[in-house]
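To start, the structure itself, in structure tokens.
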Amino acid sequence: MPAMTATLISFNEALDLPRALASLAGIADEIILVDSGSSDQTCEIARTFGARVYARKLDSFDEQKNYASSLASNDWIFSIDCDQELSPELRSSMLAWKQQAPSKNAYEIPLLSNYLGGWIRHSGWYPEFRTLLFRRDKGKFVGALHERVDAQGPVGRLNGHLFHYTIRSLAEHRAKLEAMSTLAAEDMFARGRKSWCPAMIFAPPWTIFQRLVFQLGVLDGRRGWLIAWYSAIHIYLKFRKLGRLLAGEKLAHRSWPSPGET
């Protein structure tokens, strides 16, 4: 029976964290949470669920998650975000996985995202598979902004969804766009990207068309239209900010928005 450590990184996640930790009951043999300076009850909540809590300033998402993995007592890591929850089917699948010797070094899990109170099944958000269960000596997170697990060897797949409660309000979405577009612009700048104006002009309308038509966002109704619109705004903002960086400006950083921010 493989022992498994669940790892989470956090910043002001008191609203979502209890649901995530409760869904790990009977699944995780150990829980580790790395917090980057929460001012709410995040750390206290984690401890009530038996988690080991550590503090570390966030430099990048991949390094923060790799640091959490390095603290684990077990070889198997299950990385879950604080705004996620194991579905009953996924819990059953993971319990079955724990009853036998794993045949792969890593396993991917399908995400199902909840946006403004509704489940999104198109718009480029679904189906989405993430490698989240892996041997830490055979995989690690890469990517400062859109982190993913780089695993050695073929990747298996578990049944059931990992529910992802993404955004509760349009104000929260706008705040995340502001924070994420700054990080994206700085990442492009660090990688030496020079061209920004054509992408700022032409990529946003193409993104709207792609989300609504090719990715069938129209079938998600009002939420699909909002996802398409805000996806285009994100593209516009990150390239506009890249242009500012190339002009020698410094970008202001806003704090990561709290769930349901108004």
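Numbering starts fresh at 1 for the residues of each chain in the structure tokens, the chains themselves are lettered A, B, ... in the order given, and ligands are numbered from 1 as they appear.
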
Quick one: contact table of segment 123-202 of chain A to segment 42-65 of chain A, 6 Å max, nearest atom pair and distance in Å to one decimal per residue, counting only C-alpha atoms, chain and number order, as JSON lines?
```
{"residue": "A:Phe141", "atom": "CA", "partner": "A:Asp62", "partner_atom": "CA", "distance": 5.0}
{"residue": "A:Val142", "atom": "CA", "partner": "A:Asp62", "partner_atom": "CA", "distance": 5.4}
{"residue": "A:Gly143", "atom": "CA", "partner": "A:Asp62", "partner_atom": "CA", "distance": 5.7}
{"residue": "A:Ala144", "atom": "CA", "partner": "A:Ser60", "partner_atom": "CA", "distance": 4.9}
{"residue": "A:Glu147", "atom": "CA", "partner": "A:Asp62", "partner_atom": "CA", "distance": 5.3}
```

Taking the backbone alone, and naming residues the way the document does, which bits of segment 25-262 of chain A are strand (DSSP E) by DSSP, as a short mmCIF file (atom, residue, chain, number, x, y, z; two decimals) with all heavy atoms, in the first residue's frame?
```cif
data_model
loop_
_atom_site.label_atom_id
_atom_site.label_comp_id
_atom_site.auth_asym_id
_atom_site.auth_seq_id
_atom_site.Cartn_x
_atom_site.Cartn_y
_atom_site.Cartn_z
N GLU A 30 -0.54 11.94 5.11
CA GLU A 30 0.12 13.12 5.68
C GLU A 30 -0.32 14.32 4.85
O GLU A 30 -0.55 14.21 3.65
CB GLU A 30 1.64 12.94 5.59
CG GLU A 30 2.46 14.13 6.04
CD GLU A 30 3.95 13.91 5.81
OE1 GLU A 30 4.34 13.62 4.64
OE2 GLU A 30 4.72 14.02 6.77
N ILE A 31 -0.48 15.46 5.52
CA ILE A 31 -0.85 16.69 4.83
C ILE A 31 0.16 17.78 5.18
O ILE A 31 0.46 18.00 6.36
CB ILE A 31 -2.27 17.16 5.22
CG1 ILE A 31 -3.31 16.10 4.87
CG2 ILE A 31 -2.61 18.47 4.52
CD1 ILE A 31 -4.71 16.44 5.34
N ILE A 32 0.68 18.43 4.16
CA ILE A 32 1.63 19.52 4.35
C ILE A 32 1.08 20.76 3.66
O ILE A 32 0.67 20.70 2.50
CB ILE A 32 3.01 19.17 3.77
CG1 ILE A 32 3.69 18.13 4.66
CG2 ILE A 32 3.89 20.41 3.65
CD1 ILE A 32 5.01 17.63 4.14
N LEU A 33 1.05 21.87 4.37
CA LEU A 33 0.61 23.15 3.81
C LEU A 33 1.72 24.16 3.96
O LEU A 33 2.28 24.35 5.04
CB LEU A 33 -0.66 23.64 4.51
CG LEU A 33 -1.22 24.96 3.99
CD1 LEU A 33 -2.74 24.87 3.86
CD2 LEU A 33 -0.86 26.12 4.92
N VAL A 34 2.08 24.80 2.84
CA VAL A 34 3.09 25.86 2.84
C VAL A 34 2.36 27.18 2.60
O VAL A 34 1.75 27.37 1.55
CB VAL A 34 4.16 25.62 1.76
CG1 VAL A 34 5.13 26.80 1.72
CG2 VAL A 34 4.91 24.32 2.04
N ASP A 35 2.43 28.05 3.58
CA ASP A 35 1.67 29.30 3.54
C ASP A 35 2.61 30.48 3.26
O ASP A 35 3.74 30.52 3.74
CB ASP A 35 0.96 29.52 4.88
CG ASP A 35 0.07 30.74 4.85
OD1 ASP A 35 -1.01 30.64 4.24
OD2 ASP A 35 0.45 31.77 5.42
N ARG A 52 0.74 19.61 8.75
CA ARG A 52 1.97 20.27 9.15
C ARG A 52 2.08 21.56 8.35
O ARG A 52 2.00 21.53 7.12
CB ARG A 52 3.18 19.38 8.90
CG ARG A 52 3.26 18.17 9.83
CD ARG A 52 4.16 17.07 9.28
NE ARG A 52 5.45 17.59 8.80
CZ ARG A 52 6.25 16.91 7.97
NH1 ARG A 52 5.88 15.72 7.52
NH2 ARG A 52 7.40 17.43 7.59
N VAL A 53 2.25 22.67 9.03
CA VAL A 53 2.20 23.99 8.39
C VAL A 53 3.58 24.62 8.41
O VAL A 53 4.25 24.65 9.44
CB VAL A 53 1.18 24.90 9.11
CG1 VAL A 53 1.18 26.28 8.48
CG2 VAL A 53 -0.21 24.28 9.06
N TYR A 54 3.97 25.15 7.25
CA TYR A 54 5.26 25.82 7.09
C TYR A 54 5.01 27.18 6.45
O TYR A 54 4.04 27.37 5.71
CB TYR A 54 6.21 25.00 6.21
CG TYR A 54 6.54 23.64 6.77
CD1 TYR A 54 5.70 22.56 6.53
CD2 TYR A 54 7.69 23.44 7.53
CE1 TYR A 54 5.99 21.31 7.05
CE2 TYR A 54 8.00 22.18 8.05
CZ TYR A 54 7.15 21.12 7.80
OH TYR A 54 7.43 19.89 8.31
N ALA A 55 5.91 28.12 6.71
CA ALA A 55 5.83 29.45 6.13
C ALA A 55 6.96 29.65 5.13
O ALA A 55 8.11 29.30 5.41
CB ALA A 55 5.90 30.52 7.22
N TRP A 76 5.22 9.30 -2.43
CA TRP A 76 4.13 9.72 -3.32
C TRP A 76 3.56 11.05 -2.88
O TRP A 76 3.26 11.25 -1.70
CB TRP A 76 3.04 8.66 -3.36
CG TRP A 76 3.40 7.50 -4.25
CD1 TRP A 76 4.00 6.34 -3.88
CD2 TRP A 76 3.22 7.42 -5.66
NE1 TRP A 76 4.21 5.53 -4.96
CE2 TRP A 76 3.73 6.17 -6.08
CE3 TRP A 76 2.67 8.27 -6.62
CZ2 TRP A 76 3.71 5.76 -7.41
CZ3 TRP A 76 2.65 7.87 -7.95
CH2 TRP A 76 3.16 6.63 -8.33
N ILE A 77 3.40 11.96 -3.83
CA ILE A 77 2.88 13.30 -3.59
C ILE A 77 1.55 13.47 -4.33
O ILE A 77 1.43 13.11 -5.50
CB ILE A 77 3.86 14.38 -4.10
CG1 ILE A 77 5.24 14.22 -3.44
CG2 ILE A 77 3.29 15.78 -3.85
CD1 ILE A 77 5.26 14.40 -1.96
N PHE A 78 0.58 14.02 -3.63
CA PHE A 78 -0.68 14.42 -4.26
C PHE A 78 -0.83 15.91 -4.03
O PHE A 78 -1.06 16.36 -2.91
CB PHE A 78 -1.87 13.66 -3.68
CG PHE A 78 -3.20 14.08 -4.24
CD1 PHE A 78 -3.38 14.25 -5.61
CD2 PHE A 78 -4.29 14.29 -3.42
CE1 PHE A 78 -4.60 14.64 -6.13
CE2 PHE A 78 -5.51 14.67 -3.93
CZ PHE A 78 -5.68 14.84 -5.29
N SER A 79 -0.66 16.70 -5.09
CA SER A 79 -0.71 18.15 -4.99
C SER A 79 -2.12 18.63 -5.30
O SER A 79 -2.65 18.40 -6.39
CB SER A 79 0.28 18.79 -5.96
OG SER A 79 0.20 20.19 -5.92
N GLN A 84 -9.83 23.34 -4.33
CA GLN A 84 -10.22 22.11 -5.01
C GLN A 84 -10.78 21.10 -4.00
O GLN A 84 -10.58 21.23 -2.78
CB GLN A 84 -9.04 21.52 -5.76
CG GLN A 84 -8.55 22.41 -6.90
CD GLN A 84 -7.31 21.90 -7.58
OE1 GLN A 84 -6.57 21.08 -7.04
NE2 GLN A 84 -7.04 22.40 -8.78
N GLU A 85 -11.46 20.09 -4.52
CA GLU A 85 -12.11 19.08 -3.68
C GLU A 85 -12.23 17.77 -4.45
O GLU A 85 -12.60 17.78 -5.62
CB GLU A 85 -13.51 19.57 -3.28
CG GLU A 85 -14.33 18.57 -2.49
CD GLU A 85 -15.77 19.01 -2.33
OE1 GLU A 85 -16.27 19.78 -3.19
OE2 GLU A 85 -16.42 18.57 -1.36
N LEU A 86 -11.92 16.67 -3.81
CA LEU A 86 -12.06 15.37 -4.44
C LEU A 86 -13.54 15.01 -4.54
O LEU A 86 -14.29 15.10 -3.56
CB LEU A 86 -11.35 14.28 -3.65
CG LEU A 86 -9.83 14.17 -3.79
CD1 LEU A 86 -9.13 15.31 -3.05
CD2 LEU A 86 -9.35 12.83 -3.23
N ALA A 106 3.38 8.41 -12.28
CA ALA A 106 2.54 9.60 -12.11
C ALA A 106 1.15 9.32 -12.68
O ALA A 106 0.98 8.46 -13.56
CB ALA A 106 3.17 10.81 -12.81
N TYR A 107 0.18 10.08 -12.19
CA TYR A 107 -1.21 9.90 -12.63
C TYR A 107 -1.86 11.26 -12.82
O TYR A 107 -1.65 12.19 -12.03
CB TYR A 107 -2.00 9.10 -11.59
CG TYR A 107 -1.53 7.68 -11.44
CD1 TYR A 107 -0.44 7.39 -10.62
CD2 TYR A 107 -2.14 6.64 -12.12
CE1 TYR A 107 0.03 6.09 -10.48
CE2 TYR A 107 -1.69 5.33 -11.99
CZ TYR A 107 -0.60 5.07 -11.17
OH TYR A 107 -0.14 3.78 -11.05
N GLU A 108 -2.64 11.37 -13.89
CA GLU A 108 -3.37 12.60 -14.14
C GLU A 108 -4.82 12.45 -13.73
O GLU A 108 -5.37 11.34 -13.68
CB GLU A 108 -3.27 13.00 -15.62
CG GLU A 108 -3.87 12.02 -16.59
CD GLU A 108 -3.72 12.48 -18.04
OE1 GLU A 108 -2.93 13.42 -18.28
OE2 GLU A 108 -4.39 11.90 -18.91
N ILE A 109 -5.43 13.58 -13.43
CA ILE A 109 -6.79 13.62 -12.90
C ILE A 109 -7.58 14.68 -13.66
O ILE A 109 -7.06 15.79 -13.89
CB ILE A 109 -6.77 13.96 -11.39
CG1 ILE A 109 -6.02 12.86 -10.62
CG2 ILE A 109 -8.18 14.13 -10.85
CD1 ILE A 109 -5.71 13.23 -9.18
N PRO A 110 -8.81 14.39 -14.08
CA PRO A 110 -9.61 15.40 -14.77
C PRO A 110 -10.18 16.44 -13.81
O PRO A 110 -10.71 16.09 -12.75
CB PRO A 110 -10.73 14.58 -15.42
CG PRO A 110 -10.85 13.36 -14.57
CD PRO A 110 -9.49 13.08 -14.03
N LEU A 111 -10.03 17.71 -14.18
CA LEU A 111 -10.60 18.80 -13.39
C LEU A 111 -11.96 19.21 -13.95
O LEU A 111 -12.17 19.21 -15.16
CB LEU A 111 -9.66 20.02 -13.40
CG LEU A 111 -8.62 20.12 -12.29
CD1 LEU A 111 -7.62 18.98 -12.37
CD2 LEU A 111 -7.92 21.48 -12.35
N LEU A 112 -12.85 19.57 -13.05
CA LEU A 112 -14.14 20.14 -13.42
C LEU A 112 -14.28 21.44 -12.64
O LEU A 112 -14.30 21.42 -11.41
CB LEU A 112 -15.29 19.19 -13.10
CG LEU A 112 -16.70 19.68 -13.45
CD1 LEU A 112 -16.83 19.96 -14.95
CD2 LEU A 112 -17.74 18.66 -13.01
N SER A 113 -14.33 22.56 -13.36
CA SER A 113 -14.26 23.87 -12.72
C SER A 113 -15.64 24.48 -12.52
O SER A 113 -16.53 24.39 -13.39
CB SER A 113 -13.39 24.82 -13.55
OG SER A 113 -12.06 24.38 -13.56
N ASN A 114 -15.79 25.15 -11.38
CA ASN A 114 -17.01 25.88 -11.04
C ASN A 114 -16.71 27.37 -11.15
O ASN A 114 -15.84 27.89 -10.45
CB ASN A 114 -17.47 25.53 -9.63
CG ASN A 114 -18.85 26.08 -9.31
OD1 ASN A 114 -19.02 27.28 -9.17
ND2 ASN A 114 -19.82 25.20 -9.18
N TYR A 115 -17.44 28.06 -12.01
CA TYR A 115 -17.23 29.48 -12.25
C TYR A 115 -18.53 30.23 -12.02
O TYR A 115 -19.56 29.90 -12.63
CB TYR A 115 -16.74 29.69 -13.68
CG TYR A 115 -16.58 31.13 -14.11
CD1 TYR A 115 -15.57 31.93 -13.59
CD2 TYR A 115 -17.45 31.69 -15.04
CE1 TYR A 115 -15.43 33.25 -14.00
CE2 TYR A 115 -17.31 33.01 -15.46
CZ TYR A 115 -16.29 33.78 -14.92
OH TYR A 115 -16.15 35.09 -15.32
N GLY A 118 -21.51 27.92 -11.36
CA GLY A 118 -21.92 26.90 -12.34
C GLY A 118 -20.74 26.10 -12.84
O GLY A 118 -19.61 26.60 -12.91
N TRP A 119 -21.00 24.85 -13.22
CA TRP A 119 -19.94 23.98 -13.72
C TRP A 119 -19.72 24.23 -15.21
O TRP A 119 -20.67 24.32 -15.98
CB TRP A 119 -20.30 22.51 -13.49
CG TRP A 119 -20.45 22.17 -12.04
CD1 TRP A 119 -21.60 21.94 -11.35
CD2 TRP A 119 -19.38 22.06 -11.08
NE1 TRP A 119 -21.33 21.69 -10.03
CE2 TRP A 119 -19.98 21.75 -9.83
CE3 TRP A 119 -18.00 22.18 -11.15
CZ2 TRP A 119 -19.23 21.56 -8.66
CZ3 TRP A 119 -17.26 21.99 -10.00
CH2 TRP A 119 -17.86 21.70 -8.78
N ILE A 120 -18.44 24.36 -15.59
CA ILE A 120 -18.06 24.69 -16.96
C ILE A 120 -17.60 23.42 -17.67
O ILE A 120 -16.66 22.76 -17.24
CB ILE A 120 -16.94 25.74 -16.99
CG1 ILE A 120 -17.37 26.99 -16.22
CG2 ILE A 120 -16.56 26.07 -18.42
CD1 ILE A 120 -18.62 27.65 -16.75
N GLU A 128 -10.00 18.98 -18.89
CA GLU A 128 -8.65 19.41 -18.53
C GLU A 128 -8.05 18.37 -17.60
O GLU A 128 -8.62 18.08 -16.55
CB GLU A 128 -8.67 20.77 -17.84
CG GLU A 128 -7.28 21.25 -17.42
CD GLU A 128 -7.32 22.56 -16.65
OE1 GLU A 128 -8.43 23.00 -16.28
OE2 GLU A 128 -6.24 23.11 -16.40
N PHE A 129 -6.93 17.79 -18.01
CA PHE A 129 -6.27 16.77 -17.20
C PHE A 129 -4.99 17.33 -16.62
O PHE A 129 -4.19 17.95 -17.33
CB PHE A 129 -5.96 15.53 -18.05
CG PHE A 129 -7.20 14.81 -18.53
CD1 PHE A 129 -7.76 15.11 -19.77
CD2 PHE A 129 -7.81 13.85 -17.74
CE1 PHE A 129 -8.89 14.46 -20.22
CE2 PHE A 129 -8.95 13.19 -18.18
CZ PHE A 129 -9.49 13.50 -19.42
N ARG A 130 -4.80 17.13 -15.33
CA ARG A 130 -3.59 17.60 -14.64
C ARG A 130 -2.89 16.43 -13.97
O ARG A 130 -3.54 15.61 -13.30
CB ARG A 130 -3.96 18.62 -13.58
CG ARG A 130 -4.53 19.92 -14.11
CD ARG A 130 -3.46 20.92 -14.48
NE ARG A 130 -4.04 22.21 -14.85
CZ ARG A 130 -4.28 23.18 -13.97
NH1 ARG A 130 -4.01 23.00 -12.69
NH2 ARG A 130 -4.81 24.32 -14.39
N THR A 131 -1.58 16.35 -14.14
CA THR A 131 -0.78 15.36 -13.42
C THR A 131 -0.54 15.90 -12.02
O THR A 131 0.20 16.87 -11.83
CB THR A 131 0.55 15.10 -14.14
OG1 THR A 131 0.28 14.63 -15.47
CG2 THR A 131 1.37 14.06 -13.39
N LEU A 132 -1.18 15.27 -11.04
CA LEU A 132 -1.14 15.77 -9.66
C LEU A 132 -0.68 14.73 -8.65
O LEU A 132 -0.34 15.08 -7.52
CB LEU A 132 -2.53 16.29 -9.26
CG LEU A 132 -3.09 17.45 -10.11
CD1 LEU A 132 -4.52 17.75 -9.73
CD2 LEU A 132 -2.21 18.69 -9.96
N LEU A 133 -0.69 13.47 -9.04
CA LEU A 133 -0.24 12.39 -8.17
C LEU A 133 1.02 11.79 -8.79
O LEU A 133 0.98 11.32 -9.92
CB LEU A 133 -1.34 11.32 -8.04
CG LEU A 133 -1.01 10.08 -7.21
CD1 LEU A 133 -0.74 10.43 -5.75
CD2 LEU A 133 -2.15 9.06 -7.30
N PHE A 134 2.14 11.82 -8.05
CA PHE A 134 3.40 11.40 -8.66
C PHE A 134 4.42 11.03 -7.58
O PHE A 134 4.32 11.46 -6.43
CB PHE A 134 3.97 12.53 -9.53
CG PHE A 134 4.25 13.82 -8.78
CD1 PHE A 134 5.54 14.10 -8.32
CD2 PHE A 134 3.24 14.74 -8.53
CE1 PHE A 134 5.80 15.28 -7.63
CE2 PHE A 134 3.49 15.91 -7.83
CZ PHE A 134 4.78 16.17 -7.38
N ARG A 135 5.38 10.21 -8.00
CA ARG A 135 6.54 9.93 -7.15
C ARG A 135 7.46 11.14 -7.20
O ARG A 135 7.81 11.61 -8.27
CB ARG A 135 7.28 8.69 -7.64
CG ARG A 135 6.64 7.36 -7.28
CD ARG A 135 7.56 6.22 -7.72
NE ARG A 135 8.85 6.30 -7.05
CZ ARG A 135 9.18 5.62 -5.96
NH1 ARG A 135 8.30 4.79 -5.41
NH2 ARG A 135 10.38 5.75 -5.42
N GLY A 139 9.28 13.05 -10.61
CA GLY A 139 8.55 14.19 -11.15
C GLY A 139 8.74 15.42 -10.30
O GLY A 139 9.06 15.33 -9.11
N LYS A 140 8.56 16.58 -10.91
CA LYS A 140 8.63 17.85 -10.19
C LYS A 140 7.85 18.89 -10.95
O LYS A 140 7.56 18.75 -12.15
CB LYS A 140 10.08 18.30 -10.02
CG LYS A 140 10.77 18.67 -11.32
CD LYS A 140 12.17 19.23 -11.06
CE LYS A 140 12.84 19.67 -12.36
NZ LYS A 140 14.19 20.26 -12.11
N PHE A 141 7.50 19.97 -10.27
CA PHE A 141 6.79 21.07 -10.91
C PHE A 141 7.75 21.96 -11.68
O PHE A 141 8.85 22.25 -11.22
CB PHE A 141 6.05 21.91 -9.86
CG PHE A 141 4.78 21.28 -9.36
CD1 PHE A 141 4.77 20.53 -8.20
CD2 PHE A 141 3.61 21.42 -10.08
CE1 PHE A 141 3.61 19.95 -7.74
CE2 PHE A 141 2.43 20.84 -9.64
CZ PHE A 141 2.43 20.10 -8.47
N VAL A 142 7.32 22.37 -12.85
CA VAL A 142 8.07 23.31 -13.67
C VAL A 142 7.10 24.39 -14.15
O VAL A 142 5.91 24.14 -14.31
CB VAL A 142 8.75 22.62 -14.88
CG1 VAL A 142 9.79 21.62 -14.42
CG2 VAL A 142 7.71 21.94 -15.77
N ARG A 148 3.24 22.94 -13.90
CA ARG A 148 2.77 21.59 -14.21
C ARG A 148 3.83 20.60 -13.74
O ARG A 148 4.99 20.97 -13.53
CB ARG A 148 2.55 21.44 -15.72
CG ARG A 148 3.81 21.64 -16.54
CD ARG A 148 3.60 21.43 -18.03
NE ARG A 148 4.84 21.63 -18.78
CZ ARG A 148 5.79 20.72 -18.91
NH1 ARG A 148 5.63 19.51 -18.36
NH2 ARG A 148 6.89 20.97 -19.60
N VAL A 149 3.42 19.36 -13.59
CA VAL A 149 4.35 18.32 -13.18
C VAL A 149 5.03 17.73 -14.41
O VAL A 149 4.37 17.27 -15.34
CB VAL A 149 3.63 17.21 -12.39
CG1 VAL A 149 4.58 16.04 -12.12
CG2 VAL A 149 3.09 17.76 -11.08
N ASP A 150 6.35 17.77 -14.41
CA ASP A 150 7.15 17.11 -15.43
C ASP A 150 7.54 15.74 -14.88
O ASP A 150 8.38 15.64 -13.98
CB ASP A 150 8.39 17.95 -15.73
CG ASP A 150 9.25 17.34 -16.84
OD1 ASP A 150 8.76 16.47 -17.57
OD2 ASP A 150 10.43 17.74 -16.96
N ALA A 151 6.89 14.69 -15.38
CA ALA A 151 7.07 13.35 -14.84
C ALA A 151 7.85 12.46 -15.80
O ALA A 151 7.73 12.58 -17.02
CB ALA A 151 5.71 12.72 -14.55
N VAL A 155 2.26 8.29 -18.08
CA VAL A 155 1.39 8.79 -17.02
C VAL A 155 0.06 8.05 -17.07
O VAL A 155 -0.56 7.93 -18.12
CB VAL A 155 1.16 10.30 -17.18
CG1 VAL A 155 0.18 10.82 -16.13
CG2 VAL A 155 2.49 11.05 -17.07
N GLY A 156 -0.37 7.55 -15.91
CA GLY A 156 -1.67 6.89 -15.82
C GLY A 156 -2.78 7.91 -15.61
O GLY A 156 -2.56 9.12 -15.61
N ARG A 157 -4.00 7.41 -15.44
CA ARG A 157 -5.15 8.30 -15.25
C ARG A 157 -6.09 7.69 -14.22
O ARG A 157 -6.39 6.50 -14.25
CB ARG A 157 -5.88 8.53 -16.56
CG ARG A 157 -7.07 9.49 -16.46
CD ARG A 157 -7.68 9.75 -17.82
NE ARG A 157 -6.76 10.49 -18.69
CZ ARG A 157 -7.03 10.82 -19.94
NH1 ARG A 157 -8.19 10.45 -20.49
NH2 ARG A 157 -6.15 11.48 -20.66
N LEU A 162 -11.67 16.10 -10.02
CA LEU A 162 -11.22 17.00 -8.96
C LEU A 162 -11.98 18.30 -9.17
O LEU A 162 -11.77 19.01 -10.16
CB LEU A 162 -9.71 17.23 -9.04
CG LEU A 162 -9.10 18.10 -7.93
CD1 LEU A 162 -9.27 17.44 -6.57
CD2 LEU A 162 -7.62 18.36 -8.21
N PHE A 163 -12.91 18.59 -8.27
CA PHE A 163 -13.71 19.80 -8.40
C PHE A 163 -12.84 21.02 -8.11
O PHE A 163 -12.10 21.04 -7.13
CB PHE A 163 -14.89 19.78 -7.44
CG PHE A 163 -15.90 18.70 -7.71
CD1 PHE A 163 -16.55 18.05 -6.66
CD2 PHE A 163 -16.21 18.32 -9.00
CE1 PHE A 163 -17.48 17.06 -6.90
CE2 PHE A 163 -17.15 17.33 -9.26
CZ PHE A 163 -17.78 16.71 -8.20
N HIS A 164 -12.96 22.03 -8.96
CA HIS A 164 -12.15 23.24 -8.82
C HIS A 164 -13.09 24.44 -8.74
O HIS A 164 -13.76 24.78 -9.71
CB HIS A 164 -11.21 23.38 -10.03
CG HIS A 164 -10.24 24.51 -9.90
ND1 HIS A 164 -9.55 25.02 -10.98
CD2 HIS A 164 -9.85 25.24 -8.84
CE1 HIS A 164 -8.77 25.99 -10.58
NE2 HIS A 164 -8.95 26.16 -9.29
N TYR A 165 -13.13 25.06 -7.56
CA TYR A 165 -13.99 26.23 -7.34
C TYR A 165 -13.17 27.48 -7.63
O TYR A 165 -12.47 28.01 -6.77
CB TYR A 165 -14.53 26.22 -5.91
CG TYR A 165 -15.37 25.00 -5.63
CD1 TYR A 165 -14.79 23.82 -5.17
CD2 TYR A 165 -16.75 25.02 -5.85
CE1 TYR A 165 -15.56 22.69 -4.93
CE2 TYR A 165 -17.54 23.89 -5.60
CZ TYR A 165 -16.93 22.72 -5.15
OH TYR A 165 -17.69 21.61 -4.92
N THR A 166 -13.26 27.95 -8.86
CA THR A 166 -12.30 28.94 -9.35
C THR A 166 -12.62 30.37 -8.91
O THR A 166 -11.82 31.01 -8.24
CB THR A 166 -12.23 28.90 -10.88
OG1 THR A 166 -13.56 29.11 -11.41
CG2 THR A 166 -11.69 27.58 -11.37
N ILE A 167 -13.76 30.88 -9.30
CA ILE A 167 -14.07 32.30 -9.12
C ILE A 167 -15.53 32.45 -8.71
O ILE A 167 -16.42 31.87 -9.33
CB ILE A 167 -13.79 33.08 -10.42
CG1 ILE A 167 -12.29 33.11 -10.70
CG2 ILE A 167 -14.34 34.50 -10.35
CD1 ILE A 167 -11.92 33.65 -12.06
#
```

For this session: Give me, please, the distance in Å between atom CA of Leu8 of chain A and atom CA of Ser123 of chain A, quoted to one decimal.
Result: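 Between these atoms lies a distance of 26.8 Å.
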
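Nearest to Ala190 of chain A of all the residues A:Ala3, A:Leu246, A:Trp229, A:Leu170 is A:Leu246, based on only C-alpha atoms.
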
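The shortest atom-to-atom distance to Pro88 of chain A, with only C-alpha atoms taken into account, belongs to A:Gly160 out of A:Ala20, A:Gly160, A:Asp75, A:Gln100.
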
For this session: Using backbone DSSP assignments, extract all helix (DSSP H, G or I) residues from segment 131-261 of chain A; output them as an MDAnalysis selection string.
Result: chainID A and resid 170:190 197:214 217:246

Exercise. To one decimal place, how far is atom CA of Leu158 of chain A from atom CA of Leu216 of chain A in Å?
Worked result: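 Pair atom CA of Leu158 of chain A / atom CA of Leu216 of chain A returns 25.6 Å.
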
Exercise. Closest to Ala184 of chain A among A:Asn12, A:Gln41, A:Gly153, A:Leu237, using only C-alpha atoms?
Worked result: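 The closest residue to Ala184 of chain A is A:Leu237.
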